Amino acid sequence: MEITIDGRPLTLENPMSILEAARLAGVDIPTLCWHPRVSVLGACRLCMIEVVGMNRLLAACTTRVADRMEILTDTPALRKIRQTMLELLLCKHPMDCPTCVKGGACELQALAYKWSAPVNRFPENPGAYPPVHVSPFVERDSRKCVLCRRCVRVCHEVRGVTVLGAMHRGYLKEIGTYFAQPLDRDFRDPFNCEFCGACIDICPVGALNSRQHKFRARSWEGVQVPTVCPFCSVGCLLSLQVKENELVQSRPRAGVNNLDQVCFRGRFAVDYVNSAERVTRPLLRRDGALVPVDQATAIAALVEQVRPETAVMALLSPRLTQEETADFVDTMAQLFPRSDVRAVCTMGLNAADIPLGIGARPWGDLDQADLVVSVGQDLTLFSPVAGVRIRTARRASGGRLAVLDARDTLLGGEADLWLRPAGAHLPAVLAALGALLVAEHPERLAARPDGALETVFAGAAPDDVEAAAGLAAGSLRRLAGEIAGAKNPIFVANRGWFDPSGQVPRLLVEIDRLLGGSEARGIMFLRTDCNSRGTAELVAAAEPEIDGEPEVLLVVAADPLGTAIPGSVFETWTRKAKFLVVIESTLTPTARAAHLVLPLRVFAEKEGTFLAGNGVAQQLRAALAPPPAVPTLRRTLAALAAGLERQVTFAPPSLVRQKRWSPPERPAVPVPPTPAGQARCLQLRWSPLSDNRVRLVPEADRIFLAPALEVHPDSLAALGLADGGAVRLSSGPAEVTVPVRADWRTPPGQLFLPLDPGNPELAAFVRAAVRPEGWPLSCVNLTGIAPAPARE
Amino acid sequence: MSAPRYIYRDLETPGIERLEVYRAAGGYQALEKVLRTMTPPEVVEVVKAARLVGRGGAGFPTGLKWELVAREPLTPKFVVANAEEGEPGTFKDLPILTRIPHRLIEGMLIGAFAVGAHEGVIVCRGEFMEPQRILRQAIAEAEAAGLLGENILGTGFSFKLWVYRTAGAYICGEETSLLEALEGKPGMPRIRPPFPVNAGLWARPTALNNVETFANVPGIILGGAAPYAALGTEKNSGTKGYCISGHVNKPGVYEIPFGVTLRSLINDYAGGILDGRAFKAVFPGGASSSCLTAEHMDLPLDFHHVAQAGSMLGSAAFMVVAEGVCMVEVALRLARFFRHESCGKCIPCRDGTYQIVRLLERMKRGEGVACEIDDIVDLASVMQKAAFCGLGQAAPNPVLSCIRHFRSEFEDHCAGKPCSMLGGGENPYGNHH
């Protein structure tokens, strides 16, 4: 297509809007309601343009270019319209720009500066009323709102929730939550707000603001440091605003990974680095209490406990950078030949059991996938941006989506196929899926399964698995058909909470290899911690033994006592350790129980690399200067070596050490325990409050629901329970009482309980009820004991 | 006064809303003729030959619209009747809905056959409670008689019809807002293209026509295209339901062939101006049209001629204003209507209607200054050019035309002169619509 814009000739291959063509040509057409991440609305009318030969003006954002169009973008008539639009917005806008959070970063300011005329024919007092708190983290000032509905569109279209909406009509129109309810934990569930703050970023004016950031710094103050999010393994790119060595704001950084989106943790919970619970000096237990000591004393206290032949055990967390992990593994090997280093992630699961050598797969690949299969448990709950990525890619590519996840975490409802097996059945479901692909779609397979693999798959008869997992008959066959019919399927997976032997990742890799042949196609394995993929490259993946009773246990950046399922292997180790050393940046429950605490830098204070869940390495940048007595991990390790009068050599930087793929071990697919009699399966699950860093953020407890037994509203009556009541859980001699909550995310017939290690009674119950095989799943009896209290 | 009637034929027949009476009066014979003897393209050809144009106000050729829908490969297709009759002064569809519902159903059936649709919806304005009851009853009767549902009249043609009640908003009369409302969303206009003929209800090809348009169809099928095309003017064929209200002796709705003059409409049909007063102005197309004055008394009333006179026929809702009425008050009342009914999507309509009301209220209070008249004119011209949909583009028409024809009244208000005309003082009803 040949067109001209303001006389400039332009040749276009693809159909596009006039606005997009003008941007290509470098012509500035002002916009307010248009935003590249959301659908086109056409409401602000600032982008009106003229087409020669047409008798009416057109909006550039809603009009497609046509061949031989002659477009004029700046004529007196168009200037008049732009001036009038801005005048209509500004005439009742509170002109408090000097104290407005958006001052200097406000799109209305910029537009007015460039396009408006210095007249106001319709002066009006905007009135004075305070901003409304939409949630503990977001405030809204309707007087400044220009009703562009960008917040509404990003909320609905990108985040997949329906929290914000436009209420009323005409000049009374207002953006808000439905029924003007505040979003805190008493009301949030019907609105399923993720507290992601996307509405704040996309607001062109100061109508939606972060309460956390407000009045900490002006937009232009301090420096913006590009870095990576330290929470889940999606690897969102962040930009940290730092003023006077204080982190004042975290915002998403433009990039293909997260498409300008973050979740609650990336935006608000990184504020934990400002927490008063920061460990800034070594702490040594004296007379039962942790007291600050200098580093020499601390190292001396540790050296007293160890000799080179001591079987030191170490638990490190995938929150460490790849460089720190390598340093730590090397040091342990050199100082203590009998040492045993393992990795633990939130929920207390083994963090290193991801199969190696599965290759990197950039997030942008999702845009080319004709089928995305999301496998796991609560994937978009702990990695909301993965949901954003899948949803956005799907809208662009028109690809299909299959979801294997019991709970409704917003992707299921959008999926073409949604299977909701209980988490414990996930390995069996995947084995049956593999068996179906081998048996019924041989033409689709790029590689023949070897004998051992066929044995694994053969153990899972699809019909039996469907019956056991409560799936509709034929649904696994449909899923196999979807996968076989796709040219370029991509798996976005996590391990689930109920897979003690790490079967889910192994089986997925087998399935992926069947489809892709010898070339590793890459699976995006998401975990609750940022460097899980990298940790798996460096730390032994072997199954830990529960019987270990460590003499000395070194825990680095992990919190088994605060975040692991009580009774799980690593939690048991930590409780049994005779001398517990914790290297940590904040006072976690584990640190509080330690004999010695050594300080550690937080993510914002160090340089390094995280290997995201999709296998892509990303750089962490130091944004803050650490407190004076907080050394790097390498210095702490060197000081330990010096205390032992030894030398350690640190290997040169290398991200990945075991690049070769080796056939995974193939234990038989485990069979989940079947409840007997009146017993029911109780599934423990992750919640944002399972992370000790989230709990340090002021008001985080106001938005996340307190743990309660979650039951689908339709299943309450059959179980003799009432919403808001309580239930007595019993398993053998153990008993505990927990509240009951009707929860539409839970599938009918299943029971979920968010992990709450902060509740000692519940922890004791879970510890007693966990089965010997280590299933974080219990067969429990339920007794409803209290009616729902009356609600206002 | 004895021209053939297409829309309101048999309106006075007692019990015509019942199927048996309607059939006894010749009802559903057009449907039988279509289903038994015609092909869909033949139906389209007859409608095209009759030169039937849409009665919602835009005047789009109905035959062409049906042809475009019939040509779309995407299925299923839908037929939707716009019964969201919300333009102030318009009440032409109400007699069809309440008295002759079967004529609408028959017209929709013929339209569905022509475009290849098997499902249809009558989208009824929220306030129309009684019409909905009557429509539902008529649909039930037609279903029981095998005129709706599967295998209609044994011809193998199937058509299912529903009645949908919107939440009641003027904007829902705009076709894409109506479709939004029908899909359960807030009534706000869509971006066009795609047009409803290509991607309407649930993004499927949709023949969306006004109730009155559908009501014309059975008569055209039975009587043939030629007699219909012979009625009316060169530009617009057939008859039109003219609504006339305001200061006339016999307000009501009259079915008259296109081309009747304004003088004849007021004097011959509506019985002249009330109390023998002089004529001052008329809004020919409801609230969103510009007013016509005495100089237009001999204007032939069809879409073309009224547009040439600087106004629009729209839904032919003639609101007559007699001498002695304050035009500032008229402008203010109409402006308030649009402020209330703007959906709030685009800036020019949402804030423009609001500011026009503010300025007119200042004038009514004697606080206005003369330059604000020009501010209104200036703002209105921007609204006409920049608003997203027809509502905002047309909203300033009545105010602008009042200023154009009666500027001295506005200037007098700005100069603080007392106004002794009807409605000239402070608004007794307060500032809200």
# chains A, B, ... in the order shown; residues from 1 in each chain; ligands from 1
>>> interface_residues(of="chain A", to="chain B", cutoff="7 Å", atoms="only C-alpha atoms", output="VMD selection string")
chain A and resid 43 to 45 56 to 57 62 81 85 88 122 169 to 171 173
>>> write_last_selection(atoms="N, CA and C atoms", output="compact mmCIF listing (two decimals), in the first residue's frame")
# COMPACT_ATOMS: atom_id res chain seq x y z
N ALA A 43 -11.75 6.67 22.33
CA ALA A 43 -12.58 7.53 23.17
C ALA A 43 -12.05 8.95 23.31
N CYS A 44 -10.75 9.16 23.19
CA CYS A 44 -10.23 10.48 23.54
C CYS A 44 -10.31 11.47 22.39
N ARG A 45 -10.37 10.99 21.17
CA ARG A 45 -10.55 11.79 19.96
C ARG A 45 -9.41 12.78 19.74
N ARG A 56 -15.36 13.89 6.25
CA ARG A 56 -15.40 13.95 7.70
C ARG A 56 -14.04 13.54 8.25
N LEU A 57 -13.82 13.93 9.50
CA LEU A 57 -12.55 13.61 10.16
C LEU A 57 -12.62 12.20 10.72
N THR A 62 -8.71 4.12 15.16
CA THR A 62 -9.75 3.16 14.81
C THR A 62 -9.90 3.00 13.30
N ILE A 81 -9.75 20.71 17.40
CA ILE A 81 -10.34 19.58 18.12
C ILE A 81 -9.46 19.20 19.31
N MET A 85 -10.60 19.21 23.17
CA MET A 85 -10.62 18.00 24.00
C MET A 85 -9.83 18.24 25.30
N LEU A 88 -11.65 20.55 27.62
CA LEU A 88 -12.75 19.90 28.32
C LEU A 88 -12.22 19.03 29.48
N PHE A 122 -14.56 27.17 30.18
CA PHE A 122 -15.55 26.48 31.03
C PHE A 122 -15.02 26.27 32.43
N ARG A 169 -23.04 6.63 33.80
CA ARG A 169 -23.14 6.96 32.39
C ARG A 169 -22.81 8.43 32.21
N GLY A 170 -22.37 8.77 31.01
CA GLY A 170 -22.20 10.17 30.65
C GLY A 170 -21.28 10.92 31.60
N TYR A 171 -21.68 12.15 31.95
CA TYR A 171 -20.79 12.99 32.74
C TYR A 171 -20.66 12.49 34.17
N LYS A 173 -19.97 9.37 34.78
CA LYS A 173 -19.20 8.13 34.67
C LYS A 173 -17.98 8.18 35.57
>>> residues_around(residues="Phe78 in chain B", least_positions_apart="6", cutoff="10 Å", atoms="only C-alpha atoms", output="number ranges by chain")
B: 69, 111-112, 115-121, 159, 161, 196-197, 200-202, 204-208
>>> write_last_selection(atoms="N, CA and C atoms", output="PDB file, in the first residue's frame")
ATOM      1  N   VAL B  69     -25.811  -9.285   4.123  1.00  0.00           N
ATOM      2  CA  VAL B  69     -25.817 -10.335   5.141  1.00  0.00           C
ATOM      3  C   VAL B  69     -25.896 -11.700   4.465  1.00  0.00           C
ATOM      4  N   GLY B 111     -37.408 -11.610   6.586  1.00  0.00           N
ATOM      5  CA  GLY B 111     -36.013 -11.153   6.562  1.00  0.00           C
ATOM      6  C   GLY B 111     -35.056 -12.293   6.853  1.00  0.00           C
ATOM      7  N   ALA B 112     -35.404 -13.132   7.825  1.00  0.00           N
ATOM      8  CA  ALA B 112     -34.542 -14.252   8.181  1.00  0.00           C
ATOM      9  C   ALA B 112     -34.396 -15.209   7.009  1.00  0.00           C
ATOM     10  N   VAL B 115     -32.008 -13.662   4.404  1.00  0.00           N
ATOM     11  CA  VAL B 115     -30.571 -13.600   4.701  1.00  0.00           C
ATOM     12  C   VAL B 115     -30.007 -14.948   5.138  1.00  0.00           C
ATOM     13  N   GLY B 116     -30.878 -15.925   5.397  1.00  0.00           N
ATOM     14  CA  GLY B 116     -30.387 -17.234   5.815  1.00  0.00           C
ATOM     15  C   GLY B 116     -30.127 -17.326   7.303  1.00  0.00           C
ATOM     16  N   ALA B 117     -30.925 -16.622   8.098  1.00  0.00           N
ATOM     17  CA  ALA B 117     -30.768 -16.683   9.550  1.00  0.00           C
ATOM     18  C   ALA B 117     -31.819 -17.625  10.134  1.00  0.00           C
ATOM     19  N   HIS B 118     -31.474 -18.239  11.237  1.00  0.00           N
ATOM     20  CA  HIS B 118     -32.415 -19.134  11.894  1.00  0.00           C
ATOM     21  C   HIS B 118     -32.690 -18.731  13.329  1.00  0.00           C
ATOM     22  N   GLU B 119     -32.105 -17.619  13.734  1.00  0.00           N
ATOM     23  CA  GLU B 119     -32.371 -17.119  15.065  1.00  0.00           C
ATOM     24  C   GLU B 119     -32.522 -15.608  15.004  1.00  0.00           C
ATOM     25  N   GLY B 120     -33.409 -15.084  15.832  1.00  0.00           N
ATOM     26  CA  GLY B 120     -33.617 -13.652  15.826  1.00  0.00           C
ATOM     27  C   GLY B 120     -33.973 -13.147  17.212  1.00  0.00           C
ATOM     28  N   VAL B 121     -33.768 -11.868  17.414  1.00  0.00           N
ATOM     29  CA  VAL B 121     -34.072 -11.255  18.705  1.00  0.00           C
ATOM     30  C   VAL B 121     -34.778  -9.934  18.460  1.00  0.00           C
ATOM     31  N   PHE B 159     -36.923 -21.009  12.362  1.00  0.00           N
ATOM     32  CA  PHE B 159     -36.563 -19.694  12.902  1.00  0.00           C
ATOM     33  C   PHE B 159     -37.038 -19.609  14.342  1.00  0.00           C
ATOM     34  N   LEU B 161     -37.261 -17.160  17.739  1.00  0.00           N
ATOM     35  CA  LEU B 161     -37.299 -15.725  18.030  1.00  0.00           C
ATOM     36  C   LEU B 161     -37.373 -15.499  19.531  1.00  0.00           C
ATOM     37  N   PRO B 196     -22.342  -4.293  11.412  1.00  0.00           N
ATOM     38  CA  PRO B 196     -23.154  -5.437  11.841  1.00  0.00           C
ATOM     39  C   PRO B 196     -23.479  -6.421  10.721  1.00  0.00           C
ATOM     40  N   VAL B 197     -23.568  -5.956   9.485  1.00  0.00           N
ATOM     41  CA  VAL B 197     -23.873  -6.906   8.407  1.00  0.00           C
ATOM     42  C   VAL B 197     -22.747  -7.926   8.257  1.00  0.00           C
ATOM     43  N   GLY B 200     -21.863  -8.694  13.525  1.00  0.00           N
ATOM     44  CA  GLY B 200     -22.781  -8.019  14.441  1.00  0.00           C
ATOM     45  C   GLY B 200     -22.880  -8.746  15.760  1.00  0.00           C
ATOM     46  N   LEU B 201     -24.034  -9.360  15.994  1.00  0.00           N
ATOM     47  CA  LEU B 201     -24.238 -10.067  17.252  1.00  0.00           C
ATOM     48  C   LEU B 201     -23.272 -11.249  17.330  1.00  0.00           C
ATOM     49  N   TRP B 202     -22.538 -11.335  18.445  1.00  0.00           N
ATOM     50  CA  TRP B 202     -21.525 -12.385  18.643  1.00  0.00           C
ATOM     51  C   TRP B 202     -20.603 -12.482  17.438  1.00  0.00           C
ATOM     52  N   ARG B 204     -21.177 -12.220  14.397  1.00  0.00           N
ATOM     53  CA  ARG B 204     -21.740 -12.941  13.260  1.00  0.00           C
ATOM     54  C   ARG B 204     -22.534 -11.966  12.388  1.00  0.00           C
ATOM     55  N   PRO B 205     -22.696 -12.283  11.098  1.00  0.00           N
ATOM     56  CA  PRO B 205     -23.471 -11.394  10.217  1.00  0.00           C
ATOM     57  C   PRO B 205     -24.888 -11.200  10.772  1.00  0.00           C
ATOM     58  N   THR B 206     -25.307  -9.965  10.842  1.00  0.00           N
ATOM     59  CA  THR B 206     -26.570  -9.662  11.504  1.00  0.00           C
ATOM     60  C   THR B 206     -27.363  -8.650  10.684  1.00  0.00           C
ATOM     61  N   ALA B 207     -28.607  -9.015  10.388  1.00  0.00           N
ATOM     62  CA  ALA B 207     -29.519  -8.066   9.747  1.00  0.00           C
ATOM     63  C   ALA B 207     -30.267  -7.346  10.859  1.00  0.00           C
ATOM     64  N   LEU B 208     -29.843  -6.112  11.125  1.00  0.00           N
ATOM     65  CA  LEU B 208     -30.427  -5.352  12.223  1.00  0.00           C
ATOM     66  C   LEU B 208     -31.291  -4.259  11.613  1.00  0.00           C
TER      67      LEU B 208
END
>>> select_by_dssp(residues="range 321-433 of chain A", states="alpha helix (DSSP H)", output="VMD selection string")
chain A and resid 322 to 335 379 to 382 384 to 397 426 to 433
>>> write_last_selection(atoms="C-alpha atoms", output="PDB file, in the first residue's frame")
ATOM      1  CA  GLN A 322      23.965 -18.571  40.056  1.00  0.00           C
ATOM      2  CA  GLU A 323      27.385 -17.196  41.046  1.00  0.00           C
ATOM      3  CA  GLU A 324      26.599 -17.404  44.766  1.00  0.00           C
ATOM      4  CA  THR A 325      25.305 -20.926  44.348  1.00  0.00           C
ATOM      5  CA  ALA A 326      28.487 -22.000  42.547  1.00  0.00           C
ATOM      6  CA  ASP A 327      30.663 -20.368  45.197  1.00  0.00           C
ATOM      7  CA  PHE A 328      28.766 -22.068  47.971  1.00  0.00           C
ATOM      8  CA  VAL A 329      28.811 -25.509  46.363  1.00  0.00           C
ATOM      9  CA  ASP A 330      32.555 -25.176  45.663  1.00  0.00           C
ATOM     10  CA  THR A 331      33.362 -24.022  49.182  1.00  0.00           C
ATOM     11  CA  MET A 332      31.440 -26.858  50.807  1.00  0.00           C
ATOM     12  CA  ALA A 333      33.186 -29.396  48.585  1.00  0.00           C
ATOM     13  CA  GLN A 334      36.617 -27.970  49.400  1.00  0.00           C
ATOM     14  CA  LEU A 335      36.169 -27.374  53.108  1.00  0.00           C
ATOM     15  CA  LEU A 379       0.660 -21.863  38.047  1.00  0.00           C
ATOM     16  CA  THR A 380      -0.831 -18.440  37.560  1.00  0.00           C
ATOM     17  CA  LEU A 381      -1.266 -17.946  41.281  1.00  0.00           C
ATOM     18  CA  PHE A 382       2.435 -17.884  42.099  1.00  0.00           C
ATOM     19  CA  PRO A 384       0.614 -14.407  37.529  1.00  0.00           C
ATOM     20  CA  VAL A 385       2.741 -12.975  34.750  1.00  0.00           C
ATOM     21  CA  ALA A 386       2.973 -16.415  33.139  1.00  0.00           C
ATOM     22  CA  GLY A 387      -0.801 -16.181  32.821  1.00  0.00           C
ATOM     23  CA  VAL A 388      -0.471 -12.708  31.292  1.00  0.00           C
ATOM     24  CA  ARG A 389       2.126 -14.022  28.860  1.00  0.00           C
ATOM     25  CA  ILE A 390       0.018 -16.990  27.800  1.00  0.00           C
ATOM     26  CA  ARG A 391      -3.141 -14.900  27.492  1.00  0.00           C
ATOM     27  CA  THR A 392      -1.438 -12.183  25.445  1.00  0.00           C
ATOM     28  CA  ALA A 393       0.359 -14.634  23.165  1.00  0.00           C
ATOM     29  CA  ARG A 394      -2.859 -16.437  22.559  1.00  0.00           C
ATOM     30  CA  ARG A 395      -4.676 -13.284  21.558  1.00  0.00           C
ATOM     31  CA  ALA A 396      -1.899 -12.476  19.106  1.00  0.00           C
ATOM     32  CA  SER A 397      -1.405 -15.940  17.631  1.00  0.00           C
ATOM     33  CA  LEU A 426      -0.811 -35.313  38.104  1.00  0.00           C
ATOM     34  CA  PRO A 427       2.044 -37.820  37.543  1.00  0.00           C
ATOM     35  CA  ALA A 428      -0.399 -40.582  36.663  1.00  0.00           C
ATOM     36  CA  VAL A 429      -2.287 -38.235  34.325  1.00  0.00           C
ATOM     37  CA  LEU A 430       0.922 -37.345  32.486  1.00  0.00           C
ATOM     38  CA  ALA A 431       1.955 -40.992  32.231  1.00  0.00           C
ATOM     39  CA  ALA A 432      -1.437 -41.824  30.747  1.00  0.00           C
ATOM     40  CA  LEU A 433      -1.065 -38.916  28.346  1.00  0.00           C
TER      41      LEU A 433
END
>>> residues_around(residues="range 63-66 of chain A", least_positions_apart="3", cutoff="9 Å", atoms="only C-alpha atoms", output="number ranges by chain")
A: 1-3, 15-19, 21, 58-60, 69; B: 191-193
>>> select_by_dssp(residues="range 167-277 of chain A", states="strand (DSSP E)", output="CSV table (one decimal) with C-alpha atoms, in the first residue's frame")
chain,number,residue,atom,x,y,z
A,167,MET,CA,-19.8,2.8,36.4
A,174,GLU,CA,-16.6,7.0,37.1
A,175,ILE,CA,-14.0,4.2,37.2
A,176,GLY,CA,-14.1,2.0,40.3
A,177,THR,CA,-14.6,-1.4,41.7
A,208,LEU,CA,-4.6,5.7,40.2
A,209,ASN,CA,-1.6,5.8,42.5
A,210,SER,CA,0.5,3.4,44.5
A,223,VAL,CA,18.1,6.6,39.7
A,224,GLN,CA,16.3,3.8,37.8
A,225,VAL,CA,18.2,0.6,38.1
A,226,PRO,CA,17.3,-2.2,35.6
A,227,THR,CA,17.2,-5.6,37.3
A,228,VAL,CA,15.3,-8.8,37.7
A,237,LEU,CA,12.3,-7.4,34.3
A,238,LEU,CA,12.1,-4.7,36.9
A,239,SER,CA,13.2,-1.1,37.2
A,240,LEU,CA,14.0,-0.1,40.7
A,241,GLN,CA,13.8,3.6,41.6
A,242,VAL,CA,16.4,4.4,44.2
A,243,LYS,CA,16.7,7.7,46.0
A,246,GLU,CA,16.4,3.8,49.6
A,247,LEU,CA,14.3,1.7,47.3
A,248,VAL,CA,11.3,3.9,46.6
A,249,GLN,CA,9.5,2.1,43.8
A,250,SER,CA,9.6,-1.0,41.8
A,251,ARG,CA,8.0,-1.0,38.3
A,252,PRO,CA,8.1,-3.4,35.4
>>> residues_around(residues="Arg82 in chain A", least_positions_apart="6", cutoff="9 Å", atoms="only C-alpha atoms", output="list of chain:residue names")
A:Pro30, A:Arg45, A:Leu46, A:Cys47, A:Met48, A:Trp115, A:Ser116
>>> write_last_selection(atoms="C-alpha atoms", output="JSON list (two decimals), in the first residue's frame")
[["chain", "number", "residue", "atom", "x", "y", "z"],
["A", 30, "PRO", "CA", -1.35, 12.78, 20.15],
["A", 45, "ARG", "CA", -10.55, 11.79, 19.96],
["A", 46, "LEU", "CA", -7.15, 13.46, 20.20],
["A", 47, "CYS", "CA", -5.87, 11.39, 17.29],
["A", 48, "MET", "CA", -8.42, 12.74, 14.81],
["A", 115, "TRP", "CA", -1.22, 20.87, 22.11],
["A", 116, "SER", "CA", -3.52, 22.91, 24.31]]
>>> closest_residue(among="B:Thr37, B:Thr293, B:Thr233, B:Ser245", to="Phe258 in chain B", atoms="only C-alpha atoms")
B:Thr233
